[in-house]
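K.L.:
So here's work.txt, just compact mmCIF, C-alpha atoms:
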# COMPACT_ATOMS: atom_id res chain seq x y z
CA MET A 1 3.78 -46.97 0.27
CA SER A 2 3.72 -50.67 -0.51
CA ASP A 3 5.70 -50.82 -3.75
CA PRO A 4 8.31 -53.54 -4.35
CA ILE A 5 11.83 -53.06 -3.03
CA ALA A 6 14.73 -54.38 -5.13
CA PHE A 7 17.93 -55.56 -3.45
CA VAL A 8 20.57 -55.83 -6.18
CA SER A 9 23.67 -58.06 -6.00
CA LEU A 10 26.24 -58.05 -8.81
CA HIS A 11 28.34 -61.23 -8.74
CA VAL A 12 31.61 -61.96 -10.52
CA ARG A 13 30.17 -64.94 -12.42
CA PRO A 14 27.60 -67.71 -12.01
CA CYS A 15 29.08 -70.29 -9.66
CA ALA A 16 28.41 -72.06 -6.37
CA GLN A 17 29.74 -69.02 -4.49
CA ALA A 18 27.39 -66.55 -6.22
CA VAL A 19 25.01 -66.36 -3.28
CA ALA A 20 23.38 -63.04 -2.33
CA LEU A 21 23.99 -63.59 1.38
CA ALA A 22 24.55 -59.93 2.24
CA THR A 23 21.33 -58.60 0.75
CA ALA A 24 19.33 -61.63 1.90
CA THR A 25 20.59 -61.15 5.47
CA VAL A 26 19.56 -57.49 5.43
CA ALA A 27 16.17 -58.38 3.94
CA ALA A 28 15.61 -61.03 6.61
CA ALA A 29 15.96 -58.34 9.28
CA LEU A 30 13.11 -56.24 7.89
CA PRO A 31 9.66 -56.29 9.56
CA ASP A 32 7.38 -59.03 8.27
CA SER A 33 5.13 -56.44 6.63
CA VAL A 34 8.06 -55.27 4.49
CA LYS A 35 9.81 -58.59 3.75
CA SER A 36 7.13 -59.67 1.29
CA ARG A 37 7.89 -56.59 -0.84
CA VAL A 38 11.59 -57.41 -1.28
CA ILE A 39 12.77 -58.80 -4.62
CA GLN A 40 16.32 -60.14 -4.85
CA VAL A 41 17.99 -59.27 -8.16
CA ASP A 42 21.12 -61.26 -9.04
CA LEU A 43 23.28 -59.79 -11.79
CA PHE A 44 26.63 -60.92 -13.25
CA LEU A 45 29.60 -59.05 -14.70
CA TYR A 46 29.23 -60.72 -18.11
CA GLN A 47 25.85 -59.02 -18.61
CA ASP A 48 25.77 -55.77 -20.52
CA LEU A 49 24.42 -52.63 -18.90
CA GLU A 50 21.13 -52.74 -20.79
CA GLN A 51 20.39 -56.24 -19.43
CA MET A 52 21.11 -55.08 -15.90
CA VAL A 53 18.88 -52.03 -16.20
CA ALA A 54 16.05 -54.12 -17.63
CA ALA A 55 16.33 -56.66 -14.80
CA VAL A 56 16.08 -53.97 -12.13
CA LEU A 57 13.30 -51.91 -13.76
CA GLY A 58 11.41 -55.12 -14.50
CA THR A 59 10.80 -55.58 -10.77
CA GLY A 60 8.61 -52.48 -10.67
CA ALA A 61 10.45 -51.38 -7.53
CA SER A 62 10.26 -47.81 -6.32
CA LEU A 63 13.24 -48.30 -3.99
CA VAL A 64 16.45 -49.96 -5.24
CA ALA A 65 19.38 -50.88 -2.97
CA LEU A 66 22.77 -51.70 -4.52
CA SER A 67 25.41 -53.75 -2.68
CA ILE A 68 28.80 -52.40 -3.81
CA TYR A 69 32.14 -54.24 -3.56
CA VAL A 70 35.56 -53.62 -5.08
CA TRP A 71 34.89 -56.00 -8.00
CA ASN A 72 31.57 -54.44 -8.98
CA HIS A 73 32.11 -50.78 -8.06
CA ARG A 74 32.28 -49.34 -11.59
CA PRO A 75 29.44 -51.35 -13.17
CA MET A 76 27.21 -50.66 -10.16
CA VAL A 77 27.81 -46.92 -10.48
CA ALA A 78 27.10 -47.17 -14.22
CA LEU A 79 23.89 -49.03 -13.40
CA ALA A 80 22.89 -46.34 -10.90
CA GLU A 81 23.52 -43.63 -13.52
CA GLN A 82 21.23 -45.34 -16.01
CA LEU A 83 18.52 -45.98 -13.41
CA ARG A 84 18.64 -42.34 -12.33
CA GLN A 85 18.47 -41.15 -15.95
CA ARG A 86 15.60 -43.41 -17.00
CA CYS A 87 13.59 -43.33 -13.81
CA PRO A 88 14.35 -40.11 -11.88
CA GLN A 89 11.72 -40.84 -9.23
CA LEU A 90 13.48 -44.05 -8.11
CA ILE A 91 14.90 -43.99 -4.60
CA LEU A 92 18.44 -45.32 -4.90
CA ILE A 93 20.41 -46.64 -1.92
CA ALA A 94 24.04 -47.78 -1.93
CA GLY A 95 25.68 -49.94 0.73
CA GLY A 96 28.48 -52.45 1.11
CA PRO A 97 32.24 -52.31 1.80
CA GLU A 98 33.06 -49.72 -0.89
CA VAL A 99 30.45 -47.32 0.45
CA THR A 100 31.56 -47.90 4.04
CA ALA A 101 35.19 -47.25 3.12
CA THR A 102 34.65 -44.04 1.14
CA PRO A 103 31.15 -42.65 1.77
CA GLN A 104 32.12 -39.11 0.73
CA THR A 105 32.88 -40.31 -2.80
CA PHE A 106 29.32 -41.60 -3.12
CA VAL A 107 27.79 -38.53 -1.50
CA GLU A 108 29.59 -36.29 -3.97
CA SER A 109 28.37 -38.35 -6.92
CA THR A 110 24.79 -37.19 -6.09
CA LEU A 111 23.51 -40.44 -7.65
CA PHE A 112 22.08 -41.90 -4.47
CA ASP A 113 19.31 -40.68 -2.21
CA THR A 114 21.04 -42.17 0.81
CA LEU A 115 23.91 -44.46 1.80
CA VAL A 116 24.24 -47.29 4.32
CA CYS A 117 27.65 -47.45 6.00
CA GLY A 118 28.58 -50.58 7.92
CA GLU A 119 26.05 -53.24 8.85
CA GLY A 120 22.74 -52.70 7.10
CA GLU A 121 20.14 -54.62 9.10
CA GLU A 122 18.94 -51.87 11.41
CA ALA A 123 19.73 -48.97 9.09
CA ILE A 124 17.73 -50.30 6.15
CA SER A 125 14.64 -50.73 8.33
CA ARG A 126 14.82 -47.05 9.31
CA ILE A 127 15.23 -46.02 5.67
CA VAL A 128 12.25 -48.06 4.46
CA ALA A 129 10.09 -46.68 7.29
CA LYS A 130 10.99 -43.10 6.32
CA VAL A 131 10.36 -43.75 2.63
CA ASP A 132 6.97 -45.30 3.38
CA ARG A 133 6.02 -42.20 5.39
CA ARG A 134 7.46 -39.94 2.67
CA HIS A 135 9.91 -38.40 5.12
CA VAL A 136 13.18 -36.80 4.05
CA LEU A 137 16.16 -39.16 4.10
CA GLN A 138 19.54 -38.42 5.65
CA SER A 139 22.53 -38.59 3.32
CA VAL A 140 24.12 -41.43 5.35
CA TYR A 141 22.70 -44.06 7.70
CA ARG A 142 24.58 -46.27 10.13
CA ASN A 143 23.37 -48.82 12.64
CA ARG A 144 23.07 -47.15 16.03
CA ALA A 145 25.10 -49.95 17.64
CA PRO A 146 26.83 -53.17 16.55
CA LEU A 147 24.19 -55.78 15.76
CA ASP A 148 23.51 -58.39 18.43
CA LEU A 149 23.99 -61.55 16.37
CA SER A 150 22.14 -63.65 18.94
CA HIS A 151 18.92 -61.99 17.76
CA GLN A 152 19.76 -61.86 14.06
CA VAL A 153 17.37 -63.58 11.66
CA SER A 154 19.04 -66.25 9.52
CA PRO A 155 18.20 -65.87 5.80
CA TRP A 156 18.75 -69.63 5.47
CA LEU A 157 16.36 -70.59 8.24
CA ASP A 158 13.62 -68.11 7.31
CA GLY A 159 13.61 -69.40 3.73
CA ARG A 160 14.86 -66.26 2.01
CA LEU A 161 17.81 -68.29 0.72
CA SER A 162 17.56 -71.91 -0.34
CA PRO A 163 20.71 -74.05 -0.14
CA GLY A 164 22.08 -74.98 -3.55
CA GLU A 165 25.29 -76.61 -4.71
CA GLY A 166 27.30 -74.28 -2.50
CA VAL A 167 26.47 -71.97 0.40
CA LEU A 168 28.10 -69.03 2.14
CA TRP A 169 28.01 -69.55 5.89
CA GLU A 170 28.42 -66.63 8.26
CA VAL A 171 29.55 -67.80 11.70
CA SER A 172 30.89 -64.51 13.08
CA ARG A 173 31.54 -60.88 12.23
CA GLY A 174 34.60 -58.74 12.71
CA CYS A 175 38.27 -59.36 13.25
CA PRO A 176 40.53 -58.74 16.26
CA PHE A 177 43.57 -58.01 14.07
CA ARG A 178 44.47 -54.81 12.25
CA CYS A 179 46.27 -55.88 9.07
CA SER A 180 46.87 -52.78 6.95
CA PHE A 181 45.79 -54.49 3.72
CA CYS A 182 42.44 -55.77 5.04
CA PHE A 183 39.10 -54.04 5.70
CA ASP A 184 37.56 -56.56 8.12
CA ALA A 185 38.67 -54.77 11.29
CA ARG A 186 37.67 -51.26 10.16
CA GLY A 187 35.02 -49.51 12.20
CA ASP A 188 33.77 -51.95 14.81
CA HIS A 189 36.74 -53.88 16.16
CA GLY A 190 36.57 -57.26 17.82
CA VAL A 191 34.61 -60.39 16.96
CA ARG A 192 30.89 -61.08 17.45
CA THR A 193 29.79 -64.66 17.06
CA ILE A 194 26.56 -66.30 15.96
CA PRO A 195 25.18 -68.70 18.61
CA PHE A 196 26.02 -72.36 18.07
CA SER A 197 22.33 -73.26 18.42
CA ARG A 198 21.59 -71.36 15.21
CA LEU A 199 24.71 -72.67 13.46
CA GLU A 200 23.61 -76.23 14.21
CA GLN A 201 20.20 -75.60 12.64
CA GLU A 202 21.83 -74.12 9.53
CA LEU A 203 24.25 -77.04 9.25
CA SER A 204 21.37 -79.49 9.50
CA LEU A 205 19.60 -77.62 6.71
CA PHE A 206 22.70 -77.72 4.50
CA ALA A 207 23.12 -81.45 5.13
CA ALA A 208 19.45 -82.12 4.36
CA HIS A 209 19.83 -80.33 1.00
CA ARG A 210 23.02 -82.28 0.25
CA VAL A 211 25.07 -79.15 -0.29
CA SER A 212 28.46 -80.01 -1.77
CA GLN A 213 30.54 -77.06 -0.53
CA VAL A 214 30.34 -74.57 2.33
CA TRP A 215 32.43 -71.40 2.39
CA VAL A 216 32.88 -70.33 6.01
CA LEU A 217 32.84 -66.52 6.14
CA ASP A 218 35.14 -65.99 9.07
CA SER A 219 38.43 -64.18 8.54
CA THR A 220 40.07 -66.33 11.21
CA PHE A 221 37.84 -69.24 12.14
CA ASN A 222 40.44 -70.50 14.65
CA TYR A 223 40.54 -67.35 16.79
CA PRO A 224 40.04 -67.68 19.62
CA PRO A 225 41.35 -71.24 19.20
CA GLN A 226 38.71 -72.83 21.42
CA ARG A 227 35.88 -71.39 19.31
CA GLY A 228 37.47 -72.85 16.19
CA LYS A 229 37.71 -76.27 17.79
CA GLU A 230 34.07 -76.16 18.90
CA LEU A 231 33.05 -75.25 15.36
CA LEU A 232 34.96 -78.21 13.90
CA ARG A 233 33.38 -80.57 16.43
CA LEU A 234 29.94 -79.25 15.45
CA ILE A 235 30.71 -79.80 11.77
CA LYS A 236 31.92 -83.34 12.41
CA ARG A 237 28.78 -84.16 14.39
CA VAL A 238 26.14 -82.58 12.15
CA ALA A 239 27.51 -82.42 8.59
CA PRO A 240 30.61 -84.64 8.32
CA HIS A 241 30.17 -85.32 4.57
CA LEU A 242 30.05 -81.71 3.37
CA HIS A 243 33.22 -79.99 2.15
CA PHE A 244 34.18 -76.82 4.03
CA HIS A 245 36.45 -73.96 2.95
CA LEU A 246 38.12 -72.32 5.96
CA GLU A 247 40.52 -69.42 6.53
CA ALA A 248 42.95 -69.69 9.43
CA LYS A 249 45.91 -68.00 11.08
CA ILE A 250 48.73 -70.48 11.28
CA GLU A 251 49.95 -69.38 14.72
CA PHE A 252 46.67 -70.62 16.24
CA ILE A 253 46.86 -74.09 14.72
CA ASP A 254 48.00 -76.58 17.36
CA GLU A 255 48.06 -80.37 17.26
CA GLU A 256 44.50 -80.68 18.57
CA LEU A 257 43.08 -78.36 15.92
CA ALA A 258 45.11 -80.07 13.18
CA GLN A 259 43.65 -83.40 14.29
CA LEU A 260 40.10 -81.99 14.19
CA LEU A 261 40.68 -80.61 10.69
CA SER A 262 41.81 -84.06 9.56
CA GLU A 263 38.50 -85.52 10.70
CA ILE A 264 36.28 -83.44 8.35
CA HIS A 265 36.28 -82.74 4.62
CA CYS A 266 37.88 -79.33 4.23
CA SER A 267 40.43 -77.06 2.63
CA VAL A 268 42.24 -74.51 4.78
CA GLN A 269 43.57 -71.23 3.44
CA ILE A 270 46.47 -69.80 5.44
CA GLY A 271 47.62 -66.30 4.54
CA LEU A 272 51.07 -64.86 5.16
CA GLN A 273 50.10 -61.69 7.03
CA SER A 274 53.67 -60.58 7.57
CA ALA A 275 57.26 -61.73 7.13
CA ASN A 276 58.32 -59.35 9.88
CA PRO A 277 57.82 -60.66 13.46
Show this structure as structure tokens.
P.N.:
Amino acid sequence: MSDPIAFVSLHVRPCAQAVALATATVAAALPDSVKSRVIQVDLFLYQDLEQMVAAVLGTGASLVALSIYVWNHRPMVALAEQLRQRCPQLILIAGGPEVTATPQTFVESTLFDTLVCGEGEEAISRIVAKVDRRHVLQSVYRNRAPLDLSHQVSPWLDGRLSPGEGVLWEVSRGCPFRCSFCFDARGDHGVRTIPFSRLEQELSLFAAHRVSQVWVLDSTFNYPPQRGKELLRLIKRVAPHLHFHLEAKIEFIDEELAQLLSEIHCSVQIGLQSANP
């Protein structure tokens, strides 16, 4: 098969943060022979269901992958229902945090041909290969091992994403903490980091495009503290005029890190994880 593949992202609203980083990152990991078939479909919650269906079917894709989060769970399921009804031969895939958290719910819905739980880069390649060979799909796919981020393909550097007014910047994956209200540490515990050599190239790209805001996708950018300090020094050296949004744990902010934060344009979000020591 060589039909188009649609990767669908449903955003809250059009804004600088509405960047399909998750689906673009997965698409960037596909073999070169498959990448050219991928069409990114960006939808928004203000659109009615008919508009969404038309946008997806208009791609001519035979395989459609939906990225499902808590804010788009219901409309994405409604979209899948309509796609299944109007085009029964479509191969529908669901992935994302909601699927990873409760895969059985999606299996029982019988809407999807298969699910991707956890990281999607390696799993989606296996699914596409099976579809192309017309092999039977498993009900659930997972990466065989945590992805080695030192070999990950950057969707920014390979041109799948083009920097706009704002960008989402992944610098690591995972979280070493186990807060009961948060999903980041579920499954694969610990933190895997993206090499600074790649981060420097991405920062240079953002600076060259005169991006105004960068959202750093790291649950705790300042853990371990030394990594956070190195990241701030890199930002100061390569892209000192961009504005960065960071999330930090207050207990890992010392005088040195506070000084480094004062030397770049940034806002720092500090959450109260607990009032009980």
K.L.:
What is the atom CA of A:Thr25 to atom CA of A:Arg86 distance in Å?
P.N.:
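Atom-to-atom, atom CA of A:Thr25 and atom CA of A:Arg86 are spaced 29.1 Å apart.
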K.L.:
Can I get the residues of stretch 7-101 of chain A within 10 Å of stretch 136-153 of chain A, each with the closest pair of atoms and their distance in Å to one decimal, using only C-alpha atoms, sorted chain first then ascending number, as a Markdown table?
P.N.:
| residue | atom | partner | partner_atom | distance |
| --- | --- | --- | --- | --- |
| A:Thr25 | CA | A:Val153 | CA | 7.4 |
| A:Val26 | CA | A:Val153 | CA | 9.0 |
| A:Ala27 | CA | A:Val153 | CA | 9.4 |
| A:Ala28 | CA | A:Val153 | CA | 5.9 |
| A:Ala29 | CA | A:Val153 | CA | 5.9 |
| A:Leu30 | CA | A:Val153 | CA | 9.3 |
| A:Ile93 | CA | A:Val140 | CA | 9.7 |
| A:Ala94 | CA | A:Val140 | CA | 9.7 |
| A:Gly95 | CA | A:Tyr141 | CA | 9.6 |
| A:Val99 | CA | A:Val140 | CA | 9.9 |
| A:Thr100 | CA | A:Arg142 | CA | 9.4 |
K.L.:
Assuming 8 Å of padding per side, give the centre and edge lengths of the axis-aligned box around every listed atom of stretch 226-234 of chain A, in Å to one decimal and as lines of an AutoDock Vina configuration file.
P.N.:
center_x = 34.3
center_y = -76.0
center_z = 17.7
size_x = 24.8
size_y = 25.2
size_z = 23.5
K.L.:
Expressed in Å to a single decimal, how great is the separation between atom CA of A:Phe181 and atom CA of A:Leu21?
P.N.:
23.7 Å
K.L.:
Using all atoms listed in the file, find the one residue out of A:Arg198, A:Lys236, A:Lys35, A:Arg192 that sits nearest to A:Tyr223.
P.N.:
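Nearest to A:Tyr223: A:Arg192.
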K.L.:
Which residues are close to A:Met76, i.e. within 10 Å by only C-alpha atoms, leaving aside same-chain residues fewer than 5 positions away? Reply as a VMD selection string.
P.N.:
chain A and resid 8 to 10 45 49 52 66 to 69 71 81 to 82 94
K.L.:
Which is closer to A:Glu247 than all the others in A:Gly96, A:Gly228, A:Pro195, A:Pro103, using all atoms listed in the file?
P.N.:
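Going through A:Gly96, A:Gly228, A:Pro195, A:Pro103 one by one, the smallest distance to A:Glu247 is for A:Gly228.
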K.L.:
Please measure the separation of atom CA of A:Arg126 and atom CA of A:Val38, giving the value in Å to one decimal.
P.N.:
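Distance between the two atoms: 15.2 Å.
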K.L.:
Please list as a list of chain:residue names every residue within 12 Å of A:Arg237, counting all atoms listed in the file and excluding residues in the same chain fewer than 6 positions away.
P.N.:
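The filter keeps A:Glu200, A:Leu203, A:Ser204, A:Ala207, A:Glu230, A:Leu231, A:Leu260, A:Glu263, A:Ile264.
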K.L.:
Next, dump the selected residues to file, keeping only C-alpha atoms, as a PDB file, in the coordinates of the input.
P.N.:
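Dumped to part-v5.pdb:
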ATOM      1  CA  GLU A 200      23.610 -76.230  14.210  1.00  0.00           C
ATOM      2  CA  LEU A 203      24.250 -77.040   9.250  1.00  0.00           C
ATOM      3  CA  SER A 204      21.370 -79.490   9.500  1.00  0.00           C
ATOM      4  CA  ALA A 207      23.120 -81.450   5.130  1.00  0.00           C
ATOM      5  CA  GLU A 230      34.070 -76.160  18.900  1.00  0.00           C
ATOM      6  CA  LEU A 231      33.050 -75.250  15.360  1.00  0.00           C
ATOM      7  CA  LEU A 260      40.100 -81.990  14.190  1.00  0.00           C
ATOM      8  CA  GLU A 263      38.500 -85.520  10.700  1.00  0.00           C
ATOM      9  CA  ILE A 264      36.280 -83.440   8.350  1.00  0.00           C
TER      10      ILE A 264
END
K.L.:
Using only C-alpha atoms, give me every residue within 9 Å of (40.8, -61.5, 16.6) in file coordinates, as a ChimeraX atom specification.
P.N.:
/A:174-178,185,189-191,219-220,223-224
K.L.:
So, counting all atoms listed in the file, which residue among A:Gln17, A:Gln213, A:Asn72, A:Ser180 is closest to A:Phe44?
P.N.:
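Of A:Gln17, A:Gln213, A:Asn72, A:Ser180, the one nearest A:Phe44, counting all atoms listed in the file, is A:Asn72.
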K.L.:
Please provide as a PDB file with C-alpha atoms, keeping the file's coordinate frame all residues within 10 Å of stretch 89-91 of chain A, with the sequence filter that same-chain residues fewer than 2 positions apart are discarded (counting only C-alpha atoms).
P.N.:
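The resulting file, out10.pdb, is reproduced below:
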ATOM      1  CA  ILE A   5      11.830 -53.060  -3.030  1.00  0.00           C
ATOM      2  CA  LEU A  57      13.300 -51.910 -13.760  1.00  0.00           C
ATOM      3  CA  ALA A  61      10.450 -51.380  -7.530  1.00  0.00           C
ATOM      4  CA  SER A  62      10.260 -47.810  -6.320  1.00  0.00           C
ATOM      5  CA  LEU A  63      13.240 -48.300  -3.990  1.00  0.00           C
ATOM      6  CA  VAL A  64      16.450 -49.960  -5.240  1.00  0.00           C
ATOM      7  CA  ALA A  65      19.380 -50.880  -2.970  1.00  0.00           C
ATOM      8  CA  LEU A  83      18.520 -45.980 -13.410  1.00  0.00           C
ATOM      9  CA  ARG A  84      18.640 -42.340 -12.330  1.00  0.00           C
ATOM     10  CA  GLN A  85      18.470 -41.150 -15.950  1.00  0.00           C
ATOM     11  CA  ARG A  86      15.600 -43.410 -17.000  1.00  0.00           C
ATOM     12  CA  CYS A  87      13.590 -43.330 -13.810  1.00  0.00           C
ATOM     13  CA  ILE A  93      20.410 -46.640  -1.920  1.00  0.00           C
ATOM     14  CA  LEU A 111      23.510 -40.440  -7.650  1.00  0.00           C
ATOM     15  CA  PHE A 112      22.080 -41.900  -4.470  1.00  0.00           C
ATOM     16  CA  ASP A 113      19.310 -40.680  -2.210  1.00  0.00           C
ATOM     17  CA  THR A 114      21.040 -42.170   0.810  1.00  0.00           C
ATOM     18  CA  VAL A 131      10.360 -43.750   2.630  1.00  0.00           C
TER      19      VAL A 131
END
K.L.:
A:Ser197, A:His73, A:Thr23, A:Pro88: which is nearest A:Ile124, counting all atoms listed in the file?
P.N.:
A:Thr23
